[in-house]
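One structure is given here, and the rest of the page talks about it.
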Amino acid sequence: MSISTKYNPREVEEKWYSSWMQRGFFRSTPNPKKEPYTIVIPPPNVTGVLHMGHMLNNTIQDVLIRRARMKGKEACWVPGTDHASIATEAKVVAMLKEKGINKADLTREEFLKYAWEWKEKYGGIILEQLKKLGASCDWDRTRFTMEDDMSAAVIEVFVDLYRKGQIYRGVRMVNWDPQGKTALSDEEVVPKDTMAKMYHLNYEVVGAAEPTYITVATSRPETIMADVAVAVNPNDERYTHLHGKSVRIPLLGKEIPVILDEYVSIEFGTGALKVTPAHDLNDYELGQKHQLPTIDILNDDGTLNEKAQLYVGQDRFAARRNIVKDLQEAGLLVKIEEYASVLQTSERTGAVIEPRLSMQWWCKMDKMAKPALDAVMNDEIRLHPPKFKNMYRSWMENVHDWCISRQLWWGQQIPAYYLPDGSFVVATSAEEALELARKQSGNDNLQAEDLRQDEDVLDTWFSSWLWPISVFDGFKDPDNKDILYYYPTNDLVTAPEILFFWVARMIMAGFEFRNEPPFRNVYLTGIVRDTQGRKMSKQLGNSPDPLDLIDQYGADGVRAGMLFSSPAGNDLLFDEKLVEQGRNFSNKIWNAYRLIKGWEVDENLPCPNETAMAWFDSRFNEAFVQIEDHFTKFRISDALLAVYKLVWDDFCSSYLEMIKPAYQQPIDKQTLDTTIVYLEKVLKVLHPFMPFITEEIWHDLKERKEKEYLIVSAWPKQDKFDKQLNEKMESVLKIVAAIRNIRNSKNISPNKSLDLAIKVMNQDGYEDFISIIRKLANINEISLVQENVEGAISFVEAGDEFFIPMEGNIDVEAERERLQKELEYTRGFLNSVVKKLSNERFVSGAPEAVIANERKKQADAEAKIHAIEQSLASL
């Protein structure tokens, strides 16, 4: 049967993905006879669509899971999505707005009905897109962080931690997102470099004989109406006269005290600090220390409230513009300075964060952080690359309590129930809450309607930190078959930017709720950047659509292209040429297969290719050691490059050229059968990286049984290799390359046969390789000589000298000029090596292997000089 001259990914990919699915190859169930290998997907936001970061992350996961499956392990890759409270609620609010519906006009139940409808319609898009990439997840196990069982686990954990004293409710300074109208954790705040303005304002001193002012610098003049004091350092002699005095807030005229505190830097700014406890964390702590009042002048949406007295109802930035104008007109604005600053913004909405005092729910982190820190520091959990350990330690040693409440409706509602007197109980259900409330209050007449559940929902990460346990229903039934078999999982593949607020917290949860880590290895991918080093984003317009890339280059080409340059923990500078290289690799594999498939067999022919076959078998085993070592060390990109070299250079460019029959001539059966065995081994090591083309060739190669698929075939076993044979063949291929280079430089046609004479210096000769050299270099006669050959071009390889007679084939003068230049260069190189070896410090300090290598360079250069001089003499 003839096969297509060109590989067509579109025809192949859907066919094999459907076939894998139908035969249940991705499905996993606990199997005591097999070692489990488990990966849980970092659940993408339910709002998400596939982007380049997802492509890289999920390609790596699929490579790992496919290899584990072929190694005979019970491979289980659990997919799912995260409900993403802030992002999803924003999408639903925007969708409602387009319909002319305001969220504020809806009840919670009405809003959630719309949210669930939106989730059902758009929530699974990214998972379907992952199938195009070839992701071999167990789709029957797909989970969603807000499905009933998983939400029940979140509530159970909240109640458990509350009863242990790990969760509490209190007023503290939070990062407030005025657009999302919710508190954020520190990790959901993105700092952005910007230029800001510093406003120097005059505060009038109360009771002075003549108008006297103290100048205060602030970047947020709109908050002066919330000032409760001006602080100076008691040791600052400039302000000694103000001790015990008061000043007036500009425009407002309200009197506030001057307080003394060594916290204020004498050298920084004017040395006078406005104290605004409701709108600055440091000011809040200063206010607590001096027992100052707190005045919050901002509404949830960032507009000024009645407590501000001025600019009420205006947005904070509009109020800033207006107050600056009014201060200027009142003569109270001394100057404005520009300075480099960092703007804190919301990761989800992009809004500028407002520090704000707020009653929230908090989870204590210090106790849980200890085992999670130790596990990484002692390599019970390994980070790849390990450079992230120091960053992890720094964060865990300085961990803050986690603000876990969000002022949203989409998410798990906090299981706290308030009694009419304002006290509350925490319970897993309304029924349990009523029972507890009756006990707590001593009022047996309390009814369910008397209790009010907390309006807030839990931070999205409060559900996803339980992910490795909850996907296996480890809270619903802590001893179920799945959790006992699949947990702890093996490897986690994720991005460094969520190392702390997802990875670290999952580790904490693992020790807190199952007394063991949730995974053994964490592979941290880099960020996908464009060729200018910019992070790929829709806003910059520098990110290609992954599905367009798959459509153009095929999924295998995209997978390979993404991995060609993506070492763990380092950013990937994405260039479409990488994907083009991936597609070219697919074509190379396809053409190699077509070549083999096109050969006809003559069973009467003897086998002339024993050396070539023995070499490739040995070379495969040598490369396989390297490939496995890369996998063990999570160098996935290096593993692919090793496979790439094995396939492109060793199998396609060398081995197939060695054994292919002459044009339109048959091949012997032994060579073809052996070559097919080798091709199958090559397809196996290629499969995790390029699953579609390898499965296609696997099935086209010969008749297979019903479930005899490459995806579940056995991963190759490590076998011995002949290092001496591999090194000798490496020399032979260099000889062939040198002869081809001579042809190119002398414009000698590849079809013209040449003679070759070898002056052998080494004991192990070329007897077993004569036919290979003759075939690959188109050599007619090969002879062994004792003396130099007159009128020949020579070269040296591994200490042996090779001569190609050039009579009638070259321009003698041009060749003499070329050889003279090469001689000068080689002498210069030899001088540099001799100089290095004459350096006593180098010779005494360098490792033996390095010295030996330099001496080899010296010997090779001396032999080469001798050969060039002989060639010049013969000319």
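Naming scheme: A, B, ... for chains in displayed order of the structure tokens; residues 1 onward per chain; ligands 1 onward as shown.
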Could you pull out the strand (DSSP E) residues of region 27-197 of chain A from DSSP and send them as an mmCIF file with C-alpha atoms, in the first residue's frame?
data_model
loop_
_atom_site.group_PDB
_atom_site.id
_atom_site.type_symbol
_atom_site.label_atom_id
_atom_site.label_comp_id
_atom_site.auth_asym_id
_atom_site.auth_seq_id
_atom_site.Cartn_x
_atom_site.Cartn_y
_atom_site.Cartn_z
ATOM 1 C CA PRO A 36 0.953 4.262 40.368
ATOM 2 C CA TYR A 37 2.150 7.390 38.583
ATOM 3 C CA THR A 38 -0.058 10.400 39.216
ATOM 4 C CA ILE A 39 -0.170 13.982 38.012
ATOM 5 C CA VAL A 40 -2.888 16.463 38.895
ATOM 6 C CA GLU A 74 -0.671 2.901 36.299
ATOM 7 C CA ALA A 75 -0.590 6.405 34.836
ATOM 8 C CA CYS A 76 -3.300 8.786 35.989
ATOM 9 C CA TRP A 77 -3.456 12.423 34.883
ATOM 10 C CA VAL A 78 -6.384 14.171 36.565
ATOM 11 C CA GLY A 80 -10.170 19.856 35.922
ATOM 12 C CA THR A 81 -10.917 23.555 36.183
ATOM 13 C CA ARG A 143 -13.164 17.779 38.427
ATOM 14 C CA PHE A 144 -14.374 21.311 39.081
ATOM 15 C CA ILE A 167 -9.028 30.382 61.355
ATOM 16 C CA TYR A 168 -10.280 33.591 62.961
ATOM 17 C CA ARG A 169 -12.264 36.712 62.120
ATOM 18 C CA GLY A 170 -10.843 40.164 62.665
ATOM 19 C CA VAL A 171 -10.314 43.712 61.432
ATOM 20 C CA ARG A 172 -6.984 44.068 59.690
ATOM 21 C CA MET A 173 -5.443 45.985 56.835
ATOM 22 C CA VAL A 174 -6.165 44.325 53.495
ATOM 23 C CA ASN A 175 -5.496 44.878 49.824
ATOM 24 C CA TRP A 176 -8.805 46.177 48.543
ATOM 25 C CA ASP A 177 -9.776 45.906 44.883
ATOM 26 C CA THR A 182 -13.232 42.490 47.352
ATOM 27 C CA ALA A 183 -10.199 41.903 49.536
ATOM 28 C CA LEU A 184 -7.164 40.233 47.960
ATOM 29 C CA VAL A 189 -1.403 41.850 43.984
ATOM 30 C CA VAL A 190 0.848 42.649 41.020
ATOM 31 C CA PRO A 191 3.433 45.440 41.469
ATOM 32 C CA LYS A 192 3.970 47.672 38.418
ATOM 33 C CA ASP A 193 6.765 50.198 38.011
ATOM 34 C CA THR A 194 5.474 53.684 37.314
ATOM 35 C CA MET A 195 6.208 57.384 37.694
ATOM 36 C CA ALA A 196 4.211 58.976 40.509
ATOM 37 C CA LYS A 197 3.853 62.442 42.032
#
Next item on the list: Determine which residues of region 643-804 of chain A DSSP labels as helix (DSSP H, G or I) from the backbone of this structure, then write them out as a PyMOL selection string.
Entry: chain A and resi 643-659+669-686+691-701+710-712+723-746+767-777
Note to self: Can you tell me which residues surround Trp590 (chain A) at a distance of at most 10 Å, considering only C-alpha atoms, apart from same-chain residues fewer than 5 positions away, and format the answer as a PyMOL selection string?
What the structure shows: chain A and resi 3-8+584-585+595+693-694+696-697
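For the pair CA of Ala340 (chain A) and CA of Asp283 (chain A), the interatomic distance is 21.7 Å.
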Next item on the list: Tell me which protein, DNA and RNA residues are within 10 Å of Phe462 (chain A), counting only C-alpha atoms, leaving out same-chain ones fewer than 5 positions away, and put them as a PyMOL selection string.
Entry: chain A and resi 145+154-155+157-158+363+402-405+412+467+501-502+505-506+509
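The gap separating CA of Ile256 (chain A) from CA of Asn322 (chain A) is 22.8 Å, in Å to one decimal.
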Checklist line | Who sits within 12 Å of Leu484 (chain A), only C-alpha atoms, same chain under 6 positions skipped, as a list in words | finding: Thr29, Pro30, Asn31, Pro32, Pro36, Ile469, Phe472, Asp473, Gly474, Asp477, Pro478, Arg514 and Glu516 of chain A
Next item on the list: Tell me, in Å to one decimal, how far CA of Lys254 (chain A) is from CA of Thr276 (chain A).
Entry: 13.9 Å
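Checking A:Tyr593, A:Trp16, A:Phe317, A:Tyr523 one by one against Asp301 (chain A), counting only C-alpha atoms, you find the shortest gap at A:Phe317.
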Next item on the list: Find the residues around Lys728 (chain A) up to 10 Å (only C-alpha atoms counted), leave out those fewer than 4 positions away in its own chain, and share them as a ChimeraX atom specification.
Entry: /A:615,723-724,732-734,764-766,769,798
Include all heavy atoms and write out the residues we just selected as a short mmCIF file (atom, residue, chain, number, x, y, z; two decimals), in the first residue's frame.
data_model
loop_
_atom_site.label_atom_id
_atom_site.label_comp_id
_atom_site.auth_asym_id
_atom_site.auth_seq_id
_atom_site.Cartn_x
_atom_site.Cartn_y
_atom_site.Cartn_z
N TRP A 615 26.37 -1.14 15.09
CA TRP A 615 26.63 0.23 15.56
C TRP A 615 25.35 0.93 16.00
O TRP A 615 25.30 1.51 17.08
CB TRP A 615 27.30 1.09 14.47
CG TRP A 615 27.22 2.53 14.82
CD1 TRP A 615 27.93 3.17 15.80
CD2 TRP A 615 26.35 3.50 14.26
NE1 TRP A 615 27.55 4.51 15.87
CE2 TRP A 615 26.58 4.73 14.93
CE3 TRP A 615 25.37 3.47 13.24
CZ2 TRP A 615 25.89 5.90 14.62
CZ3 TRP A 615 24.70 4.63 12.93
CH2 TRP A 615 24.95 5.83 13.62
N LYS A 723 31.23 1.04 23.61
CA LYS A 723 31.77 2.40 23.52
C LYS A 723 32.84 2.51 22.44
O LYS A 723 32.90 3.50 21.70
CB LYS A 723 32.35 2.80 24.89
CG LYS A 723 32.70 4.28 24.96
CD LYS A 723 33.20 4.67 26.34
CE LYS A 723 33.51 6.17 26.36
NZ LYS A 723 34.17 6.57 27.61
N GLN A 724 33.67 1.47 22.32
CA GLN A 724 34.74 1.49 21.33
C GLN A 724 34.16 1.52 19.92
O GLN A 724 34.63 2.26 19.04
CB GLN A 724 35.63 0.26 21.52
CG GLN A 724 36.94 0.35 20.77
CD GLN A 724 37.87 -0.83 21.08
OE1 GLN A 724 37.54 -1.67 21.91
NE2 GLN A 724 39.00 -0.88 20.42
N VAL A 732 34.67 7.35 11.72
CA VAL A 732 34.33 7.01 10.33
C VAL A 732 33.42 8.10 9.73
O VAL A 732 33.62 8.54 8.59
CB VAL A 732 33.65 5.63 10.27
CG1 VAL A 732 32.98 5.40 8.91
CG2 VAL A 732 34.67 4.53 10.54
N LEU A 733 32.43 8.54 10.51
CA LEU A 733 31.51 9.57 10.01
C LEU A 733 32.23 10.91 9.82
O LEU A 733 31.89 11.69 8.92
CB LEU A 733 30.32 9.72 10.96
CG LEU A 733 29.39 8.50 11.01
CD1 LEU A 733 28.34 8.65 12.10
CD2 LEU A 733 28.71 8.26 9.65
N LYS A 734 33.23 11.17 10.65
CA LYS A 734 34.04 12.39 10.46
C LYS A 734 34.87 12.29 9.19
O LYS A 734 35.08 13.27 8.47
CB LYS A 734 34.94 12.61 11.68
CG LYS A 734 34.22 13.14 12.90
CD LYS A 734 35.18 13.32 14.06
CE LYS A 734 34.45 13.82 15.31
NZ LYS A 734 35.36 13.92 16.48
N ASP A 764 43.88 -0.44 15.70
CA ASP A 764 42.57 -0.90 15.24
C ASP A 764 42.24 -0.20 13.93
O ASP A 764 42.00 0.99 13.89
CB ASP A 764 41.48 -0.67 16.29
CG ASP A 764 41.43 0.78 16.73
OD1 ASP A 764 42.50 1.42 16.74
OD2 ASP A 764 40.33 1.27 17.04
N GLY A 765 42.23 -0.95 12.86
CA GLY A 765 42.07 -0.36 11.53
C GLY A 765 40.62 -0.16 11.14
O GLY A 765 39.73 -0.06 11.98
N TYR A 766 40.38 -0.13 9.84
CA TYR A 766 39.06 0.22 9.31
C TYR A 766 38.44 -0.94 8.53
O TYR A 766 37.50 -0.73 7.77
CB TYR A 766 39.20 1.44 8.39
CG TYR A 766 39.65 2.68 9.14
CD1 TYR A 766 40.99 2.97 9.30
CD2 TYR A 766 38.71 3.54 9.71
CE1 TYR A 766 41.41 4.08 10.01
CE2 TYR A 766 39.11 4.67 10.42
CZ TYR A 766 40.46 4.93 10.58
OH TYR A 766 40.87 6.03 11.29
N PHE A 769 34.80 -1.23 8.40
CA PHE A 769 34.08 0.00 8.02
C PHE A 769 34.34 0.41 6.57
O PHE A 769 33.82 1.43 6.12
CB PHE A 769 34.50 1.15 8.95
CG PHE A 769 34.26 0.86 10.41
CD1 PHE A 769 35.24 0.27 11.19
CD2 PHE A 769 33.03 1.15 10.99
CE1 PHE A 769 35.01 -0.03 12.53
CE2 PHE A 769 32.79 0.87 12.33
CZ PHE A 769 33.80 0.27 13.10
N ALA A 798 41.73 11.19 14.08
CA ALA A 798 42.11 10.27 15.15
C ALA A 798 43.53 9.73 14.96
O ALA A 798 43.80 8.55 15.18
CB ALA A 798 41.11 9.11 15.23
#
Note to self: Please list as a list in words every residue within 12 Å of Ser543 (chain A), counting only C-alpha atoms and excluding residues in the same chain fewer than 5 positions away.
What the structure shows: Leu50, His51, Met52, Gly53, Met55, Val528, Arg529, Asp530, Thr531, Arg534, Lys535, Met536, Ser537, Lys538, Asp548, Leu549, Leu573, Phe574, Asp575 and Glu576 of chain A
Write to file, as an mmCIF file, in the first residue's frame, the residues of the selection just made, with N, CA, C and O atoms.
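Output file out-v3.cif follows:
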data_model
loop_
_atom_site.group_PDB
_atom_site.id
_atom_site.type_symbol
_atom_site.label_atom_id
_atom_site.label_comp_id
_atom_site.auth_asym_id
_atom_site.auth_seq_id
_atom_site.Cartn_x
_atom_site.Cartn_y
_atom_site.Cartn_z
ATOM 1 N N LEU A 50 -6.964 28.484 25.884
ATOM 2 C CA LEU A 50 -5.589 28.026 25.773
ATOM 3 C C LEU A 50 -4.644 29.164 25.369
ATOM 4 O O LEU A 50 -4.891 29.864 24.396
ATOM 5 N N HIS A 51 -3.566 29.339 26.151
ATOM 6 C CA HIS A 51 -2.533 30.300 25.753
ATOM 7 C C HIS A 51 -1.180 29.590 25.762
ATOM 8 O O HIS A 51 -1.083 28.398 26.076
ATOM 9 N N MET A 52 -0.125 30.309 25.403
ATOM 10 C CA MET A 52 1.174 29.667 25.202
ATOM 11 C C MET A 52 1.721 29.041 26.490
ATOM 12 O O MET A 52 2.380 28.016 26.459
ATOM 13 N N GLY A 53 1.448 29.663 27.630
ATOM 14 C CA GLY A 53 1.881 29.087 28.909
ATOM 15 C C GLY A 53 1.222 27.740 29.165
ATOM 16 O O GLY A 53 1.873 26.788 29.611
ATOM 17 N N MET A 55 0.179 25.751 26.872
ATOM 18 C CA MET A 55 0.746 24.818 25.885
ATOM 19 C C MET A 55 2.020 24.185 26.431
ATOM 20 O O MET A 55 2.205 22.964 26.374
ATOM 21 N N VAL A 528 6.704 31.994 28.988
ATOM 22 C CA VAL A 528 6.864 32.070 27.536
ATOM 23 C C VAL A 528 6.925 33.549 27.143
ATOM 24 O O VAL A 528 5.994 34.309 27.393
ATOM 25 N N ARG A 529 8.041 33.938 26.546
ATOM 26 C CA ARG A 529 8.241 35.333 26.139
ATOM 27 C C ARG A 529 8.453 35.418 24.632
ATOM 28 O O ARG A 529 8.806 34.419 23.993
ATOM 29 N N ASP A 530 8.261 36.612 24.078
ATOM 30 C CA ASP A 530 8.538 36.782 22.656
ATOM 31 C C ASP A 530 10.039 36.990 22.459
ATOM 32 O O ASP A 530 10.816 37.021 23.414
ATOM 33 N N THR A 531 10.464 37.154 21.209
ATOM 34 C CA THR A 531 11.898 37.258 20.917
ATOM 35 C C THR A 531 12.514 38.526 21.506
ATOM 36 O O THR A 531 13.733 38.627 21.630
ATOM 37 N N ARG A 534 9.596 39.997 25.999
ATOM 38 C CA ARG A 534 8.364 40.444 26.662
ATOM 39 C C ARG A 534 7.456 39.243 26.923
ATOM 40 O O ARG A 534 7.364 38.338 26.104
ATOM 41 N N LYS A 535 6.796 39.248 28.080
ATOM 42 C CA LYS A 535 5.855 38.182 28.399
ATOM 43 C C LYS A 535 4.715 38.222 27.382
ATOM 44 O O LYS A 535 4.179 39.280 27.073
ATOM 45 N N MET A 536 4.360 37.057 26.883
ATOM 46 C CA MET A 536 3.291 37.008 25.881
ATOM 47 C C MET A 536 1.950 37.314 26.526
ATOM 48 O O MET A 536 1.628 36.765 27.583
ATOM 49 N N SER A 537 1.184 38.200 25.884
ATOM 50 C CA SER A 537 -0.125 38.561 26.421
ATOM 51 C C SER A 537 -1.011 39.076 25.304
ATOM 52 O O SER A 537 -0.530 39.562 24.273
ATOM 53 N N LYS A 538 -2.323 38.970 25.532
ATOM 54 C CA LYS A 538 -3.280 39.494 24.559
ATOM 55 C C LYS A 538 -3.155 41.007 24.433
ATOM 56 O O LYS A 538 -3.296 41.579 23.360
ATOM 57 N N ASP A 548 -4.164 28.095 16.227
ATOM 58 C CA ASP A 548 -3.723 28.427 14.870
ATOM 59 C C ASP A 548 -2.380 27.764 14.570
ATOM 60 O O ASP A 548 -2.135 27.295 13.459
ATOM 61 N N LEU A 549 -1.500 27.756 15.591
ATOM 62 C CA LEU A 549 -0.199 27.112 15.415
ATOM 63 C C LEU A 549 -0.369 25.614 15.162
ATOM 64 O O LEU A 549 0.290 25.034 14.289
ATOM 65 N N LEU A 573 12.141 31.874 25.166
ATOM 66 C CA LEU A 573 11.997 32.927 24.154
ATOM 67 C C LEU A 573 11.383 32.265 22.928
ATOM 68 O O LEU A 573 12.065 31.579 22.163
ATOM 69 N N PHE A 574 10.082 32.474 22.770
ATOM 70 C CA PHE A 574 9.358 31.757 21.716
ATOM 71 C C PHE A 574 9.546 32.444 20.371
ATOM 72 O O PHE A 574 9.361 33.648 20.237
ATOM 73 N N ASP A 575 9.911 31.629 19.402
ATOM 74 C CA ASP A 575 10.026 32.092 18.032
ATOM 75 C C ASP A 575 9.297 31.066 17.185
ATOM 76 O O ASP A 575 9.489 29.855 17.354
ATOM 77 N N GLU A 576 8.482 31.522 16.253
ATOM 78 C CA GLU A 576 7.713 30.589 15.434
ATOM 79 C C GLU A 576 8.623 29.644 14.652
ATOM 80 O O GLU A 576 8.207 28.551 14.255
#
Restrict the calculation to only C-alpha atoms, then for each residue of region 688-722 of chain A with any atom at most 12 Å from an atom of region 562-568 of chain A give the closest atom pair and their distance in Å to one decimal, rows by chain and rising residue number, as JSON lines.
{"residue": "A:Pro688", "atom": "CA", "partner": "A:Leu563", "partner_atom": "CA", "distance": 11.9}
{"residue": "A:Phe689", "atom": "CA", "partner": "A:Leu563", "partner_atom": "CA", "distance": 8.7}
{"residue": "A:Met690", "atom": "CA", "partner": "A:Leu563", "partner_atom": "CA", "distance": 11.0}
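In terms of minimum interatomic distance to Leu310 (chain A), A:Ala226 ranks closest within A:Leu357, A:Ala272, A:Ala226, A:Lys720, counting only C-alpha atoms.
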Check: Which residue, A:Pro355, A:Pro691, A:Gly554, A:Pro518, has the smallest gap to Glu11 (chain A) when you use only C-alpha atoms?
Finding: A:Gly554
